[in-house]
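S.K.: Dropping the structure in here first, questions after.
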Amino acid sequence: LDPKLPTVMSVLQRKEYAVGHFGKWHVGLTADAPPPEDYGIDSSKTFSSRPKSNKHAYSVRSKWWPSNSSRQIIEDGINFISKTLRNSSRPFYLNLWLHVSHMPLWPTPKQLEALCLHHGADAFDRLCGTSLRNSKRASSSAFTTSMRVNSNS
């Protein structure tokens with residue numbers, strides 16, 4: 001995508017908005033792809049992109065990335081808002097593009113501990129309809145659906 005084309009972000013940046021983007025990018029992975037900042041973004045941290053530098057990229061190689069990606073992206077968005085409000089009177093525009101809909105949920109030991117603490121030792125089995133001992137993965141949609149169904153009963 002040609003960065004000279006107008007985008008919501010570049011138009012708002014020209015109107016003096018602070019513009020942030022955290023999460024998926026999917027605008028270019030080739031070696032010649034411009035970084036997100038070339039599209040009118042002041043602050044970014046992405047994956048599926050060619051970031052400006054490593055500090056602008058999420059570490060997706062961690063086995064816990066699927067379980068922690070939404071939290072990390074949302075925390076970065078909150079930090080962007082806080083920093084913008086603390087350091088200027090500029091309005092802001094924020095993109096948060098989560099990845100959890102594409103990823104299996106692999107609960108970290110800490111997340112499983114919290115789940116069992118609040119819902120009982122067999123919570124994962126009851127909520128997901130599968131045995132934790134027999135399954136290393138549960139889809140986030142199945143987990144969310146089970147949580148909704150069980151919370152309504």
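Chain labels follow the order of the structure tokens: the first chain is A, the next B, and so on; residue numbering restarts at 1 in every chain, and ligands are counted from 1 in their shown order.
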So which residues touch Asp42 of chain A within 9 Å, counting only C-alpha atoms, skipping near sequence neighbours fewer than 6 positions away, as a PyMOL selection string?
M.R.: chain A and resi 13+18-21+36
S.K.: Could you give me the residues within segment 3-132 of chain A that DSSP places in strand (DSSP E or B), as a list in words?
M.R.: Ala18, Val19, Gly20, His21, Phe22, Gly23, Lys24, Ser43, Ser44, Lys45, Thr46, Phe47, Ala57, Phe92, Tyr93, Leu94, Asn95, Leu96, Trp97, Pro104 and Leu105 of chain A
S.K.: Include N, CA, C and O atoms and write out the residues we just selected as an mmCIF file, in the first residue's frame.
M.R.:
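Output saved as result30.cif:
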```cif
data_model
loop_
_atom_site.group_PDB
_atom_site.id
_atom_site.type_symbol
_atom_site.label_atom_id
_atom_site.label_comp_id
_atom_site.auth_asym_id
_atom_site.auth_seq_id
_atom_site.Cartn_x
_atom_site.Cartn_y
_atom_site.Cartn_z
ATOM 1 N N ALA A 18 -2.710 12.650 18.055
ATOM 2 C CA ALA A 18 -1.691 11.641 18.359
ATOM 3 C C ALA A 18 -2.284 10.322 17.869
ATOM 4 O O ALA A 18 -3.419 9.978 18.210
ATOM 5 N N VAL A 19 -1.542 9.585 17.050
ATOM 6 C CA VAL A 19 -2.065 8.365 16.431
ATOM 7 C C VAL A 19 -1.234 7.172 16.875
ATOM 8 O O VAL A 19 -0.007 7.173 16.763
ATOM 9 N N GLY A 20 -1.928 6.163 17.400
ATOM 10 C CA GLY A 20 -1.260 4.945 17.843
ATOM 11 C C GLY A 20 -1.866 3.724 17.184
ATOM 12 O O GLY A 20 -3.064 3.693 16.882
ATOM 13 N N HIS A 21 -1.023 2.729 16.957
ATOM 14 C CA HIS A 21 -1.491 1.443 16.417
ATOM 15 C C HIS A 21 -0.720 0.330 17.124
ATOM 16 O O HIS A 21 0.500 0.309 17.102
ATOM 17 N N PHE A 22 -1.491 -0.598 17.714
ATOM 18 C CA PHE A 22 -0.878 -1.715 18.428
ATOM 19 C C PHE A 22 -1.583 -3.000 18.018
ATOM 20 O O PHE A 22 -2.807 -3.069 18.012
ATOM 21 N N GLY A 23 -0.799 -3.999 17.643
ATOM 22 C CA GLY A 23 -1.355 -5.290 17.257
ATOM 23 C C GLY A 23 -1.020 -5.645 15.825
ATOM 24 O O GLY A 23 0.031 -5.295 15.304
ATOM 25 N N LYS A 24 -1.955 -6.377 15.189
ATOM 26 C CA LYS A 24 -1.768 -6.828 13.806
ATOM 27 C C LYS A 24 -1.566 -5.628 12.894
ATOM 28 O O LYS A 24 -2.130 -4.570 13.106
ATOM 29 N N SER A 43 2.988 6.310 17.149
ATOM 30 C CA SER A 43 3.490 5.301 18.081
ATOM 31 C C SER A 43 2.899 3.948 17.702
ATOM 32 O O SER A 43 1.683 3.833 17.516
ATOM 33 N N SER A 44 3.763 2.918 17.589
ATOM 34 C CA SER A 44 3.251 1.611 17.203
ATOM 35 C C SER A 44 4.079 0.483 17.805
ATOM 36 O O SER A 44 5.238 0.664 18.171
ATOM 37 N N LYS A 45 3.429 -0.660 17.897
ATOM 38 C CA LYS A 45 4.087 -1.924 18.190
ATOM 39 C C LYS A 45 3.230 -2.965 17.484
ATOM 40 O O LYS A 45 2.019 -3.037 17.712
ATOM 41 N N THR A 46 3.842 -3.730 16.586
ATOM 42 C CA THR A 46 3.055 -4.580 15.703
ATOM 43 C C THR A 46 3.653 -5.971 15.558
ATOM 44 O O THR A 46 4.775 -6.239 15.967
ATOM 45 N N PHE A 47 2.861 -6.836 14.937
ATOM 46 C CA PHE A 47 3.342 -8.105 14.412
ATOM 47 C C PHE A 47 2.715 -8.251 13.031
ATOM 48 O O PHE A 47 1.809 -7.498 12.672
ATOM 49 N N ALA A 57 8.200 -4.138 17.645
ATOM 50 C CA ALA A 57 7.654 -5.443 17.257
ATOM 51 C C ALA A 57 7.364 -6.300 18.486
ATOM 52 O O ALA A 57 8.134 -6.304 19.447
ATOM 53 N N PHE A 92 -6.555 12.056 20.479
ATOM 54 C CA PHE A 92 -5.834 10.881 19.997
ATOM 55 C C PHE A 92 -6.751 9.949 19.235
ATOM 56 O O PHE A 92 -7.974 9.984 19.365
ATOM 57 N N TYR A 93 -6.125 9.128 18.404
ATOM 58 C CA TYR A 93 -6.797 8.059 17.671
ATOM 59 C C TYR A 93 -5.969 6.804 17.906
ATOM 60 O O TYR A 93 -4.751 6.835 17.785
ATOM 61 N N LEU A 94 -6.640 5.708 18.245
ATOM 62 C CA LEU A 94 -5.931 4.488 18.592
ATOM 63 C C LEU A 94 -6.539 3.287 17.878
ATOM 64 O O LEU A 94 -7.740 3.063 17.948
ATOM 65 N N ASN A 95 -5.696 2.529 17.179
ATOM 66 C CA ASN A 95 -6.072 1.230 16.630
ATOM 67 C C ASN A 95 -5.535 0.156 17.557
ATOM 68 O O ASN A 95 -4.335 0.156 17.866
ATOM 69 N N LEU A 96 -6.391 -0.761 17.983
ATOM 70 C CA LEU A 96 -5.968 -1.962 18.711
ATOM 71 C C LEU A 96 -6.457 -3.147 17.899
ATOM 72 O O LEU A 96 -7.661 -3.419 17.870
ATOM 73 N N TRP A 97 -5.553 -3.836 17.227
ATOM 74 C CA TRP A 97 -5.937 -4.967 16.390
ATOM 75 C C TRP A 97 -5.422 -6.237 17.042
ATOM 76 O O TRP A 97 -4.240 -6.572 16.967
ATOM 77 N N PRO A 104 -4.851 -20.417 18.940
ATOM 78 C CA PRO A 104 -5.365 -21.303 19.997
ATOM 79 C C PRO A 104 -5.012 -20.712 21.361
ATOM 80 O O PRO A 104 -4.020 -20.001 21.487
ATOM 81 N N LEU A 105 -5.827 -20.987 22.330
ATOM 82 C CA LEU A 105 -5.553 -20.512 23.684
ATOM 83 C C LEU A 105 -4.744 -21.565 24.417
ATOM 84 O O LEU A 105 -5.192 -22.693 24.579
#
```
S.K.: I'd like the contact shell of Asn68 of chain A - 9 Å cut-off, only C-alpha atoms, skipping same-chain residues fewer than 3 positions apart - returned as a ChimeraX atom specification.
M.R.: /A:64-65,71-73,100,107-108
S.K.: What are the DSSP alpha helix (DSSP H) residues of segment 8-133 of chain A, as a PDB file with C-alpha atoms, in the first residue's frame?
M.R.:
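After the write, states13.pdb holds the following:
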```pdb
ATOM      1  CA  VAL A   8      -7.704   7.615   8.508  1.00  0.00           C
ATOM      2  CA  MET A   9      -4.451   7.717  10.447  1.00  0.00           C
ATOM      3  CA  SER A  10      -2.568  10.081   8.126  1.00  0.00           C
ATOM      4  CA  VAL A  11      -5.549  12.461   7.870  1.00  0.00           C
ATOM      5  CA  LEU A  12      -5.932  12.587  11.660  1.00  0.00           C
ATOM      6  CA  GLN A  13      -2.189  13.011  12.166  1.00  0.00           C
ATOM      7  CA  ARG A  14      -2.277  16.035   9.846  1.00  0.00           C
ATOM      8  CA  TRP A  65       2.107 -15.308  22.925  1.00  0.00           C
ATOM      9  CA  PRO A  66      -1.424 -16.627  22.131  1.00  0.00           C
ATOM     10  CA  SER A  67      -2.414 -16.462  25.802  1.00  0.00           C
ATOM     11  CA  ASN A  68      -0.901 -13.054  26.454  1.00  0.00           C
ATOM     12  CA  SER A  69      -1.191 -11.179  23.151  1.00  0.00           C
ATOM     13  CA  SER A  70      -4.482  -9.397  23.889  1.00  0.00           C
ATOM     14  CA  ARG A  71      -3.279  -8.287  27.321  1.00  0.00           C
ATOM     15  CA  GLN A  72       0.000  -6.978  25.875  1.00  0.00           C
ATOM     16  CA  ILE A  73      -1.702  -5.126  23.021  1.00  0.00           C
ATOM     17  CA  ILE A  74      -4.339  -3.586  25.301  1.00  0.00           C
ATOM     18  CA  GLU A  75      -1.723  -2.559  27.891  1.00  0.00           C
ATOM     19  CA  ASP A  76       0.292  -0.851  25.143  1.00  0.00           C
ATOM     20  CA  GLY A  77      -2.866   0.967  24.027  1.00  0.00           C
ATOM     21  CA  ILE A  78      -3.600   2.112  27.581  1.00  0.00           C
ATOM     22  CA  ASN A  79       0.007   3.290  27.959  1.00  0.00           C
ATOM     23  CA  PHE A  80      -0.285   5.241  24.688  1.00  0.00           C
ATOM     24  CA  ILE A  81      -3.464   6.965  25.917  1.00  0.00           C
ATOM     25  CA  SER A  82      -1.931   7.715  29.335  1.00  0.00           C
ATOM     26  CA  LYS A  83       1.260   9.119  27.826  1.00  0.00           C
ATOM     27  CA  THR A  84      -0.688  11.221  25.317  1.00  0.00           C
ATOM     28  CA  LEU A  85      -2.956  12.696  28.006  1.00  0.00           C
ATOM     29  CA  ARG A  86      -0.031  13.290  30.386  1.00  0.00           C
ATOM     30  CA  ASN A  87       2.243  14.976  27.830  1.00  0.00           C
ATOM     31  CA  PRO A 109       0.264 -21.929  34.445  1.00  0.00           C
ATOM     32  CA  LYS A 110      -0.598 -18.642  36.191  1.00  0.00           C
ATOM     33  CA  GLN A 111      -3.833 -18.284  34.174  1.00  0.00           C
ATOM     34  CA  LEU A 112      -4.818 -21.909  34.914  1.00  0.00           C
ATOM     35  CA  GLU A 113      -4.098 -21.391  38.593  1.00  0.00           C
ATOM     36  CA  ALA A 114      -6.353 -18.311  38.676  1.00  0.00           C
ATOM     37  CA  LEU A 115      -9.097 -20.166  36.790  1.00  0.00           C
ATOM     38  CA  CYS A 116      -8.989 -23.112  39.194  1.00  0.00           C
ATOM     39  CA  LEU A 117      -8.807 -20.817  42.217  1.00  0.00           C
ATOM     40  CA  HIS A 118     -12.021 -19.047  41.220  1.00  0.00           C
ATOM     41  CA  HIS A 119     -13.933 -21.912  39.603  1.00  0.00           C
ATOM     42  CA  ALA A 123     -12.789 -25.731  35.956  1.00  0.00           C
ATOM     43  CA  PHE A 124     -10.978 -26.204  32.654  1.00  0.00           C
ATOM     44  CA  ASP A 125     -12.667 -29.597  32.110  1.00  0.00           C
ATOM     45  CA  ARG A 126     -16.117 -28.236  32.967  1.00  0.00           C
ATOM     46  CA  LEU A 127     -15.792 -25.011  30.978  1.00  0.00           C
ATOM     47  CA  CYS A 128     -14.154 -26.439  27.867  1.00  0.00           C
TER      48      CYS A 128
END
```
S.K.: Interatomic distance between atom CA of Gly120 of chain A and atom CA of Ser62 of chain A?
M.R.: 28.0 Å
S.K.: Please list as a PyMOL selection string every residue within 12 Å of Ala31 of chain A, counting only C-alpha atoms and excluding residues in the same chain fewer than 4 positions away.
M.R.: chain A and resi 35+49-52
